[in-house]
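Novice: Sharing a structure here in structure tokens format.
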Amino acid sequence: SASRDPLASKLRQCIKKLIPTKQEADEFLQDSDRLAVCFSSEKTVQKLADFTEEQKSSDTALGDFGQVKGMRVRVLPVLGTMPAIMGQALAASCLTELAGQPFQPVTGERVGKNTRNKLFQKLTNREDRFLQQILKEYNVTNEADVARYKTLGGAMELVEESDNDDQRQVVWVGPLQIDADDVEYLLEIWKNRCAITGTRLGTVLELIRWNESRPSTCDNLVLVAQHAKQTWDEQGRNPRHLSFDLQEKIERRLSTCRVDSKA
């Protein structure tokens, strides 16, 4: 979100006018893999400088004073080091990308502690419900086994009977493998957006497991909007209903978590 940066907000408006449809413009602006932007997330503390008397008396429209219509040339304060800092940040991003070690910059303002705690609690409840569901469906009643799954977790092979043959599926059940502090890291990884639809904070977002055969670690958790989560659950809690390109994109993002965990 560039809502605190007037220049970045204005550039968004200009880009939208260059793209034929609103849907295409929104998809382009929300896809950080296609458009990388360096902007300031700090609150603006100074207004634009007043127009000079010469500008006010000119026949030229006031909005035309600037290389881009609607932007003024003269603003305050002018901090000479800022363009250099922005340029160095973009150069660093390009170099790490070329080196095959891209970093994940913060893409918006920090999410509040209450929101992070709600995300964590929803994920905890979701994993608890899943554990109870699996134990009940497959009649796991042995106290030692139940205690082991609840405290340590582990892979469980499920067998589903069908007309033709038995289908075997491996799922991991057990306690949540992250803590509340990891949620902030995951929000940075997913850029405060739904991994499936690209919608941002402002909608209800939740964390889900991407691969149920693996534990609920950072490199296996995906941020999704509530309606995307409902569709995910209805489709069997697996990515097969998603396009191949979207699956690859999400896998690439998850791979950055694996790199971070090894660092």
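Every chain in the structure tokens has a letter given in the order shown (A, B, ...), and although residue numbers restart at 1 in each chain, ligands are simply numbered from 1 in the order shown.
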Excluding Lys150 in chain A and residues on its chain fewer than 2 positions from it, collect all residues at most 6 Å away from it, counting only C-alpha atoms, and give them as a list in words.
Specialist: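 Counting only the stated atoms, we get Ala147, Arg148, Gly153, Gly174 and Pro175 of chain A.
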Novice: For Gly154 in chain A, which residue out of A:Arg116, A:Cys94, A:Ser216, A:Tyr185 is the nearest one, using only C-alpha atoms?
Specialist: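 Under the stated criterion, the closest residue is A:Ser216.
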Novice: Please give the complete set of residues from range 81-222 of chain A that DSSP, run on the backbone, assigns to alpha helix (DSSP H), formatted as number ranges by chain.
Specialist: A: 81-98, 113-137, 143-151, 180-189
Novice: Name the residues in contact with range 222-234 of chain A at a cut-off of 6 Å, using only C-alpha atoms, excluding same-chain residues fewer than 6 positions from it; report them as a list in words.
Specialist: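 The contact residues come out as Cys194, Ala195, Val204, Leu205, Glu206, Leu207 and Ile208 of chain A.
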Novice: Using DSSP secondary structure from the backbone, list all strand (DSSP E) positions within range 125-225 of chain A, as an NGL selection string.
Specialist: :A and (154-160 or 167-173 or 205-209 or 221-225)
Novice: Just the number, please: distance in Å from CA of Asn211 in chain A to CA of Glu97 in chain A, one decimal.
Specialist: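 Distance reported for this atom pair: 26.8 Å.
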Novice: CA of Leu246 in chain A to CA of Gly198 in chain A: how many Å, to one decimal?
Specialist: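 If I compute the distance from CA of Leu246 in chain A to CA of Gly198 in chain A, I get 10.9 Å.
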Novice: List the spatial neighbours of range 89-92 of chain A as a list in words - criterion: any atom at most 8 Å away, only C-alpha atoms, same-chain residues fewer than 4 positions off excluded.
Specialist: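 Everything that qualifies: Cys38, Ile85 and Thr96 of chain A.
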Novice: One number please: CA of Asn220 in chain A to CA of Leu254 in chain A, in Å, one decimal.
Specialist: 6.7 Å
Novice: Pick the closest to Arg237 in chain A from A:Arg209, A:Arg214, A:Arg258, A:Lys249: which is it, counting only C-alpha atoms?
Specialist: A:Arg209
